[in-house]
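Shown below: upload-v3.cif, with mmCIF, C-alpha atoms (C1' of nucleotides).
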data_query
#
loop_
_atom_site.label_atom_id
_atom_site.label_comp_id
_atom_site.auth_asym_id
_atom_site.auth_seq_id
_atom_site.Cartn_x
_atom_site.Cartn_y
_atom_site.Cartn_z
CA MET A 17 -3.13 143.91 118.92
CA ALA A 18 -2.40 145.66 122.17
CA ARG A 19 1.25 146.29 122.91
CA LYS A 20 2.62 145.40 126.27
CA GLN A 21 2.62 148.35 128.54
CA GLY A 22 5.65 149.46 130.49
CA SER A 23 7.86 147.64 128.04
CA TYR A 24 11.08 149.30 126.95
CA ALA A 25 11.85 146.70 124.31
CA ASP A 26 11.72 149.23 121.51
CA THR A 27 14.13 151.63 123.13
CA THR A 28 16.46 149.50 125.21
CA GLY A 29 17.82 147.60 122.23
CA PRO A 30 19.04 150.70 120.40
CA ARG A 31 20.32 152.18 123.62
CA VAL A 32 22.41 149.08 124.21
CA ARG A 33 23.95 149.45 120.76
CA ASP A 34 24.57 153.17 121.19
CA ALA A 35 26.27 152.68 124.52
CA ALA A 36 28.34 149.78 123.23
CA LEU A 37 29.46 151.75 120.18
CA ARG A 38 30.61 154.68 122.26
CA LEU A 39 32.31 152.63 124.96
CA ILE A 40 34.08 150.28 122.57
CA ALA A 41 35.34 153.19 120.46
CA GLN A 42 36.69 154.76 123.61
CA HIS A 43 38.29 151.79 125.31
CA GLY A 44 38.43 148.90 122.86
CA PHE A 45 36.27 145.82 122.47
CA ALA A 46 38.05 143.58 124.94
CA ALA A 47 38.43 146.39 127.46
CA VAL A 48 34.70 147.04 127.73
CA SER A 49 32.70 144.72 129.95
CA MET A 50 29.08 143.79 129.62
CA ARG A 51 28.57 145.31 133.07
CA GLN A 52 29.88 148.65 131.80
CA ILE A 53 27.53 148.65 128.86
CA ALA A 54 24.61 147.66 131.07
CA GLY A 55 25.53 150.39 133.55
CA GLU A 56 25.49 153.00 130.79
CA VAL A 57 22.03 151.89 129.70
CA GLY A 58 20.76 151.66 133.24
CA VAL A 59 20.05 147.94 133.48
CA GLN A 60 21.81 144.95 134.97
CA ALA A 61 24.24 142.90 132.91
CA GLY A 62 21.92 139.93 132.58
CA ALA A 63 19.26 142.06 130.90
CA LEU A 64 21.51 142.67 127.90
CA TYR A 65 21.06 139.09 126.82
CA ASN A 66 17.47 139.83 125.92
CA TYR A 67 18.84 141.85 123.01
CA ILE A 68 22.05 140.15 121.94
CA PRO A 69 23.13 136.51 121.89
CA ASP A 70 26.63 137.34 123.07
CA LYS A 71 29.35 139.97 123.04
CA GLN A 72 30.85 138.86 119.73
CA SER A 73 27.50 139.18 117.95
CA LEU A 74 27.09 142.66 119.36
CA LEU A 75 30.36 143.77 117.76
CA PHE A 76 29.46 142.26 114.42
CA GLU A 77 26.06 143.90 114.48
CA LEU A 78 27.60 147.30 115.14
CA LEU A 79 30.06 146.98 112.27
CA ASP A 80 27.62 145.40 109.86
CA SER A 81 24.90 147.98 110.38
CA HIS A 82 27.44 150.76 109.95
CA MET A 83 28.64 149.36 106.63
CA SER A 84 25.06 148.87 105.47
CA GLU A 85 24.26 152.48 106.30
CA VAL A 86 27.29 153.64 104.32
CA MET A 87 26.26 151.66 101.27
CA GLU A 88 22.63 152.71 101.47
CA ALA A 89 23.49 156.38 101.86
CA ALA A 90 26.03 156.21 99.05
CA ALA A 91 23.49 154.59 96.76
CA GLN A 92 20.96 157.33 97.50
CA ALA A 93 23.52 160.05 96.81
CA ARG A 94 23.08 159.25 93.09
CA LEU A 95 26.14 161.13 91.89
CA SER A 96 25.82 162.27 88.32
CA GLY A 97 27.46 164.56 85.79
CA THR A 98 31.05 164.61 84.61
CA PRO A 99 33.65 162.48 86.38
CA LEU A 100 34.97 165.65 88.00
CA GLN A 101 31.52 166.51 89.34
CA ARG A 102 30.99 162.98 90.57
CA LEU A 103 34.40 163.02 92.26
CA GLU A 104 33.52 166.20 94.11
CA GLY A 105 30.15 164.72 95.03
CA PHE A 106 31.80 161.60 96.41
CA THR A 107 34.32 163.62 98.40
CA ARG A 108 31.64 165.74 100.03
CA PHE A 109 29.43 162.73 100.66
CA HIS A 110 32.25 160.79 102.29
CA ILE A 111 33.17 163.63 104.62
CA ARG A 112 29.61 164.50 105.56
CA PHE A 113 28.64 160.92 106.19
CA HIS A 114 31.69 159.83 108.16
CA LEU A 115 32.48 162.85 110.34
CA PRO A 116 29.32 162.55 112.47
CA ARG A 117 30.02 158.82 112.85
CA ARG A 118 33.53 158.85 114.16
CA ASP A 119 32.96 156.10 116.71
CA ALA A 120 31.63 153.72 114.08
CA VAL A 121 34.47 154.59 111.71
CA PHE A 122 37.02 153.93 114.39
CA LEU A 123 35.43 150.59 115.22
CA SER A 124 35.23 149.52 111.62
CA TYR A 125 38.99 149.88 111.33
CA MET A 126 40.24 148.93 114.76
CA GLU A 127 38.00 146.11 115.81
CA LEU A 128 37.86 144.13 112.60
CA ARG A 129 40.50 141.88 114.12
CA ASN A 130 38.11 140.87 116.88
CA LEU A 131 35.60 139.42 114.44
CA ALA A 132 35.33 135.75 113.67
CA PRO A 133 36.75 135.03 110.19
CA GLU A 134 33.38 134.62 108.54
CA ASN A 135 32.09 137.87 109.98
CA PHE A 136 35.31 139.57 108.97
CA GLY A 137 34.77 138.50 105.38
CA ARG A 138 31.29 139.96 105.26
CA ILE A 139 32.43 143.35 106.51
CA ALA A 140 35.44 143.40 104.19
CA ALA A 141 33.21 142.69 101.21
CA LYS A 142 30.96 145.63 102.01
CA ARG A 143 33.91 147.96 102.40
CA ARG A 144 35.30 146.77 99.10
CA ALA A 145 31.98 147.50 97.40
CA TYR A 146 32.08 151.04 98.76
CA GLU A 147 35.63 151.58 97.55
CA ASP A 148 34.61 150.35 94.13
CA ARG A 149 32.19 153.25 93.80
CA LEU A 150 35.08 155.70 93.93
CA GLU A 151 37.29 153.59 91.70
CA MET A 152 34.58 153.58 89.05
CA ILE A 153 34.55 157.37 89.03
CA LEU A 154 38.31 157.43 88.59
CA ARG A 155 38.17 154.88 85.77
CA ASP A 156 35.53 156.89 83.93
CA GLY A 157 37.58 160.03 84.33
CA VAL A 158 40.69 158.34 82.99
CA ALA A 159 38.71 156.93 80.08
CA ASP A 160 37.38 160.30 78.96
CA GLY A 161 40.67 162.08 79.59
CA SER A 162 39.56 164.28 82.47
CA PHE A 163 41.82 162.47 84.97
CA VAL A 164 45.38 161.23 84.84
CA VAL A 165 45.99 158.45 87.37
CA ASP A 166 48.85 155.97 87.59
CA ASP A 167 46.81 153.20 89.21
CA THR A 168 43.10 153.60 89.89
CA ARG A 169 43.00 151.02 92.66
CA ILE A 170 45.90 152.48 94.63
CA THR A 171 44.61 156.00 94.10
CA THR A 172 41.20 154.95 95.35
CA LEU A 173 42.67 153.59 98.56
CA ALA A 174 44.91 156.63 98.95
CA LEU A 175 42.03 159.08 98.59
CA ILE A 176 39.77 157.19 100.97
CA ALA A 177 42.54 157.00 103.57
CA GLN A 178 43.10 160.71 103.16
CA LEU A 179 39.42 161.54 103.65
CA THR A 180 38.74 159.08 106.44
CA GLY A 181 41.82 160.37 108.27
CA ILE A 182 39.88 163.54 109.03
CA THR A 183 38.05 161.60 111.74
CA ASN A 184 41.34 161.33 113.64
CA TRP A 185 41.74 165.03 114.27
CA TYR A 186 38.42 166.76 113.49
CA ASP A 187 37.15 168.93 116.29
CA PRO A 188 33.68 170.45 115.86
CA ALA A 189 34.87 173.40 117.93
CA GLY A 190 38.13 173.67 116.01
CA ARG A 191 39.68 176.28 113.77
CA LEU A 192 37.81 175.23 110.62
CA THR A 193 34.14 174.66 109.88
CA LEU A 194 32.97 171.46 108.30
CA ARG A 195 32.30 173.37 105.08
CA GLU A 196 35.81 174.82 104.99
CA ILE A 197 37.31 171.40 105.52
CA GLU A 198 35.21 170.01 102.69
CA THR A 199 36.41 172.71 100.35
CA ILE A 200 40.07 172.16 101.19
CA TYR A 201 39.78 168.42 100.63
CA CYS A 202 37.83 168.85 97.40
CA ALA A 203 40.65 170.95 96.01
CA LEU A 204 43.25 168.47 97.23
CA VAL A 205 41.45 165.50 95.71
CA ARG A 206 40.83 167.31 92.44
CA LYS A 207 44.48 168.23 92.04
CA SER A 208 45.59 164.69 92.92
CA VAL A 209 43.94 163.26 89.83
CA ALA A 210 43.93 166.29 87.53
CA ALA A 211 44.86 165.80 83.90
CA MET B 13 83.73 142.15 135.46
CA ALA B 14 82.58 138.71 134.52
CA ARG B 15 79.08 138.47 133.17
CA LYS B 16 76.72 135.93 134.57
CA GLN B 17 76.67 132.85 132.48
CA GLY B 18 73.50 131.20 131.32
CA SER B 19 71.64 134.45 131.68
CA TYR B 20 69.17 135.41 129.00
CA ALA B 21 68.64 138.90 130.36
CA ASP B 22 69.92 140.50 127.19
CA THR B 23 67.64 138.59 124.89
CA THR B 24 64.50 137.90 126.89
CA GLY B 25 63.66 141.57 127.36
CA PRO B 26 63.55 142.36 123.63
CA ARG B 27 61.76 139.11 122.94
CA VAL B 28 59.05 140.08 125.41
CA ARG B 29 58.60 143.39 123.62
CA ASP B 30 58.56 141.78 120.19
CA ALA B 31 55.96 139.24 121.22
CA ALA B 32 53.84 141.85 122.94
CA LEU B 33 53.94 144.14 119.90
CA ARG B 34 52.81 141.41 117.57
CA LEU B 35 50.10 140.00 119.82
CA ILE B 36 48.64 143.37 120.78
CA ALA B 37 48.55 144.48 117.14
CA GLN B 38 46.71 141.30 116.32
CA HIS B 39 44.19 141.14 119.14
CA GLY B 40 44.23 144.45 121.00
CA PHE B 41 45.82 145.49 124.27
CA ALA B 42 43.06 144.39 126.61
CA ALA B 43 42.54 141.13 124.74
CA VAL B 44 46.11 139.95 125.19
CA SER B 45 46.99 138.39 128.53
CA MET B 46 50.37 138.37 130.20
CA ARG B 47 50.20 134.58 130.03
CA GLN B 48 49.86 134.74 126.24
CA ILE B 49 52.89 136.97 125.93
CA ALA B 50 54.89 134.75 128.26
CA GLY B 51 53.85 131.68 126.30
CA GLU B 52 55.07 133.24 123.07
CA VAL B 53 58.45 133.99 124.64
CA GLY B 54 58.67 130.58 126.25
CA VAL B 55 58.62 131.58 129.91
CA GLN B 56 56.02 131.62 132.66
CA ALA B 57 53.91 134.72 133.26
CA GLY B 58 55.68 135.63 136.49
CA ALA B 59 59.03 135.90 134.71
CA LEU B 60 57.79 138.84 132.64
CA TYR B 61 57.88 141.05 135.69
CA ASN B 62 61.67 140.90 135.67
CA TYR B 63 61.48 143.09 132.58
CA ILE B 64 58.43 145.29 132.96
CA PRO B 65 56.78 146.87 136.01
CA ASP B 66 53.29 146.18 134.73
CA LYS B 67 51.18 145.80 131.60
CA GLN B 68 50.45 149.49 131.18
CA SER B 69 54.16 150.36 131.21
CA LEU B 70 54.78 147.73 128.58
CA LEU B 71 52.31 149.40 126.22
CA PHE B 72 53.77 152.84 126.81
CA GLU B 73 57.28 151.55 126.23
CA LEU B 74 56.24 150.01 122.90
CA LEU B 75 54.62 153.21 121.66
CA ASP B 76 57.29 155.51 123.01
CA SER B 77 60.20 153.61 121.55
CA HIS B 78 58.41 153.47 118.18
CA MET B 79 57.92 157.22 118.13
CA SER B 80 61.51 157.78 119.17
CA GLU B 81 62.71 155.57 116.34
CA VAL B 82 60.60 157.51 113.86
CA MET B 83 62.01 160.83 115.01
CA GLU B 84 65.58 159.58 115.08
CA ALA B 85 65.35 158.06 111.62
CA ALA B 86 63.66 161.16 110.23
CA ALA B 87 66.39 163.37 111.69
CA GLN B 88 69.06 161.23 110.09
CA ALA B 89 67.35 161.36 106.72
CA ARG B 90 68.61 164.98 106.42
CA LEU B 91 66.40 165.92 103.52
CA SER B 92 67.87 168.71 101.44
CA GLY B 93 67.44 170.48 98.13
CA THR B 94 64.36 172.19 96.77
CA PRO B 95 61.02 171.85 98.55
CA LEU B 96 59.95 169.46 95.81
CA GLN B 97 63.01 167.28 96.37
CA ARG B 98 62.52 167.35 100.11
CA LEU B 99 58.86 166.43 99.67
CA GLU B 100 59.77 163.42 97.59
CA GLY B 101 62.45 162.49 100.13
CA PHE B 102 59.92 162.67 102.96
CA THR B 103 57.39 160.60 101.04
CA ARG B 104 59.87 157.84 100.34
CA PHE B 105 61.23 157.94 103.86
CA HIS B 106 57.77 157.70 105.39
CA ILE B 107 56.80 154.72 103.27
CA ARG B 108 60.07 152.85 103.74
CA PHE B 109 60.16 153.41 107.44
CA HIS B 110 56.54 152.57 108.21
CA LEU B 111 55.78 149.65 105.93
CA PRO B 112 58.12 147.22 107.71
CA ARG B 113 56.68 148.35 111.06
CA ARG B 114 53.00 147.84 110.48
CA ASP B 115 52.35 146.39 113.94
CA ALA B 116 53.90 149.41 115.63
CA VAL B 117 52.00 151.80 113.36
CA PHE B 118 48.74 150.06 114.13
CA LEU B 119 49.41 150.22 117.86
CA SER B 120 50.36 153.87 117.78
CA TYR B 121 46.95 154.69 116.35
CA MET B 122 44.68 152.12 117.97
CA GLU B 123 46.03 151.78 121.46
CA LEU B 124 46.64 155.41 122.30
CA ARG B 125 43.32 155.33 124.13
CA ASN B 126 44.66 152.72 126.54
CA LEU B 127 47.44 155.00 127.77
CA ALA B 128 47.23 156.97 130.97
CA PRO B 129 46.65 160.69 130.17
CA GLU B 130 50.22 161.72 130.92
CA ASN B 131 51.65 158.99 128.74
CA PHE B 132 49.18 159.91 126.00
CA GLY B 133 50.45 163.47 126.03
CA ARG B 134 54.06 162.39 125.58
CA ILE B 135 53.26 160.23 122.57
CA ALA B 136 51.02 162.89 121.00
CA ALA B 137 53.81 165.46 121.32
CA LYS B 138 56.27 163.24 119.48
CA ARG B 139 53.81 162.59 116.70
CA ARG B 140 53.14 166.29 116.36
CA ALA B 141 56.88 166.94 116.07
CA TYR B 142 57.09 164.44 113.24
CA GLU B 143 54.14 166.00 111.42
CA ASP B 144 55.81 169.39 111.75
CA ARG B 145 58.71 168.18 109.66
CA LEU B 146 56.38 167.71 106.69
CA GLU B 147 54.52 170.92 107.33
CA MET B 148 57.80 172.85 107.24
CA ILE B 149 58.52 171.46 103.79
CA LEU B 150 55.09 172.55 102.58
CA ARG B 151 55.51 176.02 104.08
CA ASP B 152 58.87 176.47 102.39
CA GLY B 153 57.41 175.36 99.09
CA VAL B 154 54.52 177.78 99.39
CA ALA B 155 56.92 180.56 100.30
CA ASP B 156 59.11 180.10 97.24
CA GLY B 157 56.17 179.50 94.95
CA SER B 158 56.85 175.87 94.11
CA PHE B 159 53.69 174.68 95.92
CA VAL B 160 50.13 175.91 96.07
CA VAL B 161 48.36 174.73 99.21
CA ASP B 162 45.15 175.98 100.78
CA ASP B 163 46.11 175.13 104.35
CA THR B 164 49.51 173.66 105.19
CA ARG B 165 48.38 172.06 108.43
CA ILE B 166 45.39 170.28 106.93
CA THR B 167 47.39 169.24 103.91
CA THR B 168 50.08 167.83 106.17
CA LEU B 169 47.58 165.68 108.01
CA ALA B 170 45.93 164.64 104.75
CA LEU B 171 49.20 163.53 103.17
CA ILE B 172 50.36 161.62 106.25
CA ALA B 173 47.00 159.84 106.48
CA GLN B 174 47.28 158.97 102.81
CA LEU B 175 50.77 157.53 103.20
CA THR B 176 50.20 155.76 106.49
CA GLY B 177 47.07 154.20 105.06
CA ILE B 178 49.27 151.99 102.91
CA THR B 179 49.89 149.88 106.01
CA ASN B 180 46.23 148.87 105.97
CA TRP B 181 46.38 147.01 102.68
CA TYR B 182 50.05 146.48 101.75
CA ASP B 183 50.89 142.88 100.98
CA PRO B 184 54.58 142.06 100.41
CA ALA B 185 53.44 139.33 98.03
CA GLY B 186 50.95 141.59 96.29
CA ARG B 187 50.58 142.98 92.81
CA LEU B 188 52.99 145.88 93.29
CA THR B 189 56.54 146.08 94.58
CA LEU B 190 57.47 148.47 97.33
CA ARG B 191 59.33 150.56 94.78
CA GLU B 192 56.32 150.80 92.48
CA ILE B 193 54.10 151.85 95.35
CA GLU B 194 56.61 154.54 96.31
CA THR B 195 56.59 155.90 92.79
CA ILE B 196 52.82 156.04 92.58
CA TYR B 197 52.53 157.86 95.88
CA CYS B 198 55.33 160.27 95.02
CA ALA B 199 53.41 161.31 91.92
CA LEU B 200 50.17 161.59 93.85
CA VAL B 201 51.73 163.72 96.58
CA ARG B 202 53.54 165.91 94.08
CA LYS B 203 50.36 166.63 92.15
CA SER B 204 48.43 167.33 95.35
CA VAL B 205 50.55 170.35 96.15
CA ALA B 206 51.73 171.35 92.68
CA ALA B 207 51.75 175.01 91.74
"C1'" DG C 9 11.82 142.49 130.52
"C1'" DT C 10 14.49 143.03 134.37
"C1'" DC C 11 16.30 141.63 138.62
"C1'" DT C 12 19.43 138.99 141.96
"C1'" DA C 13 22.53 135.47 142.48
"C1'" DT C 14 25.93 132.70 140.93
"C1'" DA C 15 28.64 129.14 138.13
"C1'" DC C 16 32.78 129.02 135.97
"C1'" DT C 17 36.81 130.99 133.79
"C1'" DT C 18 40.47 134.02 133.34
"C1'" DC C 19 42.90 138.01 134.55
"C1'" DG C 20 47.20 140.89 136.60
"C1'" DA C 21 50.37 140.59 139.89
"C1'" DT C 22 53.05 138.65 143.93
"C1'" DA C 23 55.63 135.25 147.08
"C1'" DG C 24 59.00 132.09 147.83
"C1'" DA C 25 61.73 127.93 146.33
"C1'" DC C 26 65.56 126.89 143.44
"C1'" DG D 15 66.18 134.69 136.23
"C1'" DT D 16 62.74 131.44 136.16
"C1'" DC D 17 59.52 128.36 138.18
"C1'" DT D 18 55.24 126.86 140.77
"C1'" DA D 19 51.55 128.24 143.36
"C1'" DT D 20 48.27 131.33 144.58
"C1'" DC D 21 45.52 135.66 145.89
"C1'" DG D 22 41.88 138.74 144.97
"C1'" DA D 23 39.43 140.82 141.40
"C1'" DA D 24 36.93 140.84 137.31
"C1'" DG D 25 35.21 138.68 133.13
"C1'" DT D 26 30.98 136.26 130.27
"C1'" DA D 27 27.04 134.06 130.51
"C1'" DT D 28 23.08 131.57 132.70
"C1'" DA D 29 19.14 130.32 136.06
"C1'" DG D 30 15.14 131.36 138.25
"C1'" DA D 31 12.19 134.70 140.88
"C1'" DC D 32 9.16 138.48 139.98
#
Mind turning the file's structure into structure tokens?
Amino acid sequence: MARKQGSYADTTGPRVRDAALRLIAQHGFAAVSMRQIAGEVGVQAGALYNYIPDKQSLLFELLDSHMSEVMEAAAQARLSGTPLQRLEGFTRFHIRFHLPRRDAVFLSYMELRNLAPENFGRIAAKRRAYEDRLEMILRDGVADGSFVVDDTRITTLALIAQLTGITNWYDPAGRLTLREIETIYCALVRKSVAA
Amino acid sequence: MARKQGSYADTTGPRVRDAALRLIAQHGFAAVSMRQIAGEVGVQAGALYNYIPDKQSLLFELLDSHMSEVMEAAAQARLSGTPLQRLEGFTRFHIRFHLPRRDAVFLSYMELRNLAPENFGRIAAKRRAYEDRLEMILRDGVADGSFVVDDTRITTLALIAQLTGITNWYDPAGRLTLREIETIYCALVRKSVAA
DNA sequence: GTCTATACTTCGATAGAC
DNA sequence: GTCTATCGAAGTATAGAC
């Protein structure tokens, strides 16, 4: 089958999503107009509707695909070994995955409120499943005596907040390299749950 | 001097700010209209402009007064004793102060981007001053050997992110009381920096 | 697949009566 | 101090030509 020539269908769609992600992270969902997004991509506003049904669906798609990427990448990480080794593996994975995706991380926390209830539930479920991966590591560590934790659920949320918070201040041109930051946080996390 | 009678000047102003804080936390700055805020207060949109110059100033006032309250309350907390005691005092203060102000906390993270650059700088400076209070405790603890910390600045940001993250999931009707949550986090923070 | 043009709604902010 | 009325601008989304 011959493909249409001169068609940008394969590239314009992703470019719309990239532009939307960046603009919404910068200004907020309601503050960004379809005309702005179109302008960034280099088309007129009406052309966007070849790729998305409406603005609300665009937001959901951005958040949903981000959460799916997180889960897929986490599943492929295949952490193994002792609970302590798996904890360090999770810490490094979380930092390495999220730091290059700061816009998506910001959106997935700040713009959840702009989702319709049903869409909200789907995103929340995926996040919960990701959190459960860490909680399972903590449970295993408590079970075999390598960790001492008051409450595995609370500790899970505390550690994830601590790690994700890096996205609020990280500067690629800053004082510390990504590797140095990882090492500092690994030590911090390890001590937090140490026996 | 006789005060005007039938005037609601003293109460309408604060009510406007309360309504705006709640609505903006719920839907986002750009998504909330002046008409919505007015409707919540029980006046017409035009009446709001007796209390605020414009929408942008309203947002800045909300964030600025929140940061000022944080600093004032932190100053009055007058933490004293050993670094470990001061660290526990800070942890409990932070949780107790922020949990009842979840809307303001959310705004001061999510809506910073909607501030004019100059206003952004003023808020950022106040936040930095607050963070410095914790960092000073960590430095003192490292100096006298009661703490072992790789990097006091990073650890400061990590601990604050961990504590502030409680506002994302705390439910007053949830499994744990405020006091229990405090205790869990105190232990977590203590272990994080323990010698 | 993209454009131009536009229908329709809603926005922030102001003016002037009371 | 609040109301009604309104201005000018900007928003989402659609229709139809190319």
Can you work out which residues from chain B touch chain C at a cut-off of 10 Å (counting only C-alpha atoms (C1' of nucleotides)) and hand them back as an MDAnalysis selection string? chainID B and resid 45:47 57:58 61 65:67
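Once the PyMOL selection byres ((chain D) within 12 of (chain A)) is applied to the depicted file, the selected set reads DA24, DG25, DT26, DA27, DT28 and DA29 of chain D.
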Applying the PyMOL selection byres ((chain A) within 10 of (chain B)) to the file I just gave you, which residues come out? Please list them as a PyMOL selection string. chain A and resi 41-48+122-123+125-131+165-167+170-171+173-182+184-185+192+197+199-201+203-211
Distance CA of Ile36 in chain B-CA of Pro112 in chain B, one decimal place? 16.6 Å
Give the answer as one residue: which of A:Gln60, A:Thr27, A:Ser124, A:Gln52 has the shortest atom-to-atom distance to Ser81 in chain A, using only C-alpha atoms? A:Ser124
Distance in Å - CA of Leu150 in chain A versus CA of Ser162 in chain A: 15.0 Å
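Put simply, CA of Asp156 in chain A is 14.6 Å away from CA of Gly105 in chain A.
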From the options B:Gln68, B:Arg165, B:Arg145, B:Val117, which residue's atoms come nearest to Ala89 in chain B, counting all atoms listed in the file? B:Arg145
Expansion of the PyMOL selection byres ((chain B and resi 141) around 12) into residues, as a short mmCIF file (atom, residue, chain, number, x, y, z; two decimals) with C-alpha atoms, in the frame of the given file:
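The file below, part-v7.cif, is the result:
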data_model
loop_
_atom_site.label_atom_id
_atom_site.label_comp_id
_atom_site.auth_asym_id
_atom_site.auth_seq_id
_atom_site.Cartn_x
_atom_site.Cartn_y
_atom_site.Cartn_z
CA MET B 79 57.92 157.22 118.13
CA SER B 80 61.51 157.78 119.17
CA VAL B 82 60.60 157.51 113.86
CA MET B 83 62.01 160.83 115.01
CA GLU B 84 65.58 159.58 115.08
CA ALA B 86 63.66 161.16 110.23
CA ALA B 87 66.39 163.37 111.69
CA ARG B 134 54.06 162.39 125.58
CA ILE B 135 53.26 160.23 122.57
CA ALA B 136 51.02 162.89 121.00
CA ALA B 137 53.81 165.46 121.32
CA LYS B 138 56.27 163.24 119.48
CA ARG B 139 53.81 162.59 116.70
CA ARG B 140 53.14 166.29 116.36
CA TYR B 142 57.09 164.44 113.24
CA GLU B 143 54.14 166.00 111.42
CA ASP B 144 55.81 169.39 111.75
CA ARG B 145 58.71 168.18 109.66
CA LEU B 146 56.38 167.71 106.69
CA GLU B 147 54.52 170.92 107.33
CA MET B 148 57.80 172.85 107.24
#
When you look at Thr28 in chain A with a cut-off of 10 Å (counting all atoms listed in the file), what residues show up, excluding the ones that are within fewer than 6 positions of it in the same chain? I need them as a compact mmCIF listing (two decimals) with C-alpha atoms (C1' of nucleotides), in the coordinates of the input.
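Output (part_17.txt):
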# COMPACT_ATOMS: atom_id res chain seq x y z
CA ASP A 34 24.57 153.17 121.19
CA VAL A 57 22.03 151.89 129.70
CA GLY A 58 20.76 151.66 133.24
CA VAL A 59 20.05 147.94 133.48
CA ALA A 63 19.26 142.06 130.90
CA LEU A 64 21.51 142.67 127.90
CA ASN A 66 17.47 139.83 125.92
CA TYR A 67 18.84 141.85 123.01
C1' DG C 9 11.82 142.49 130.52
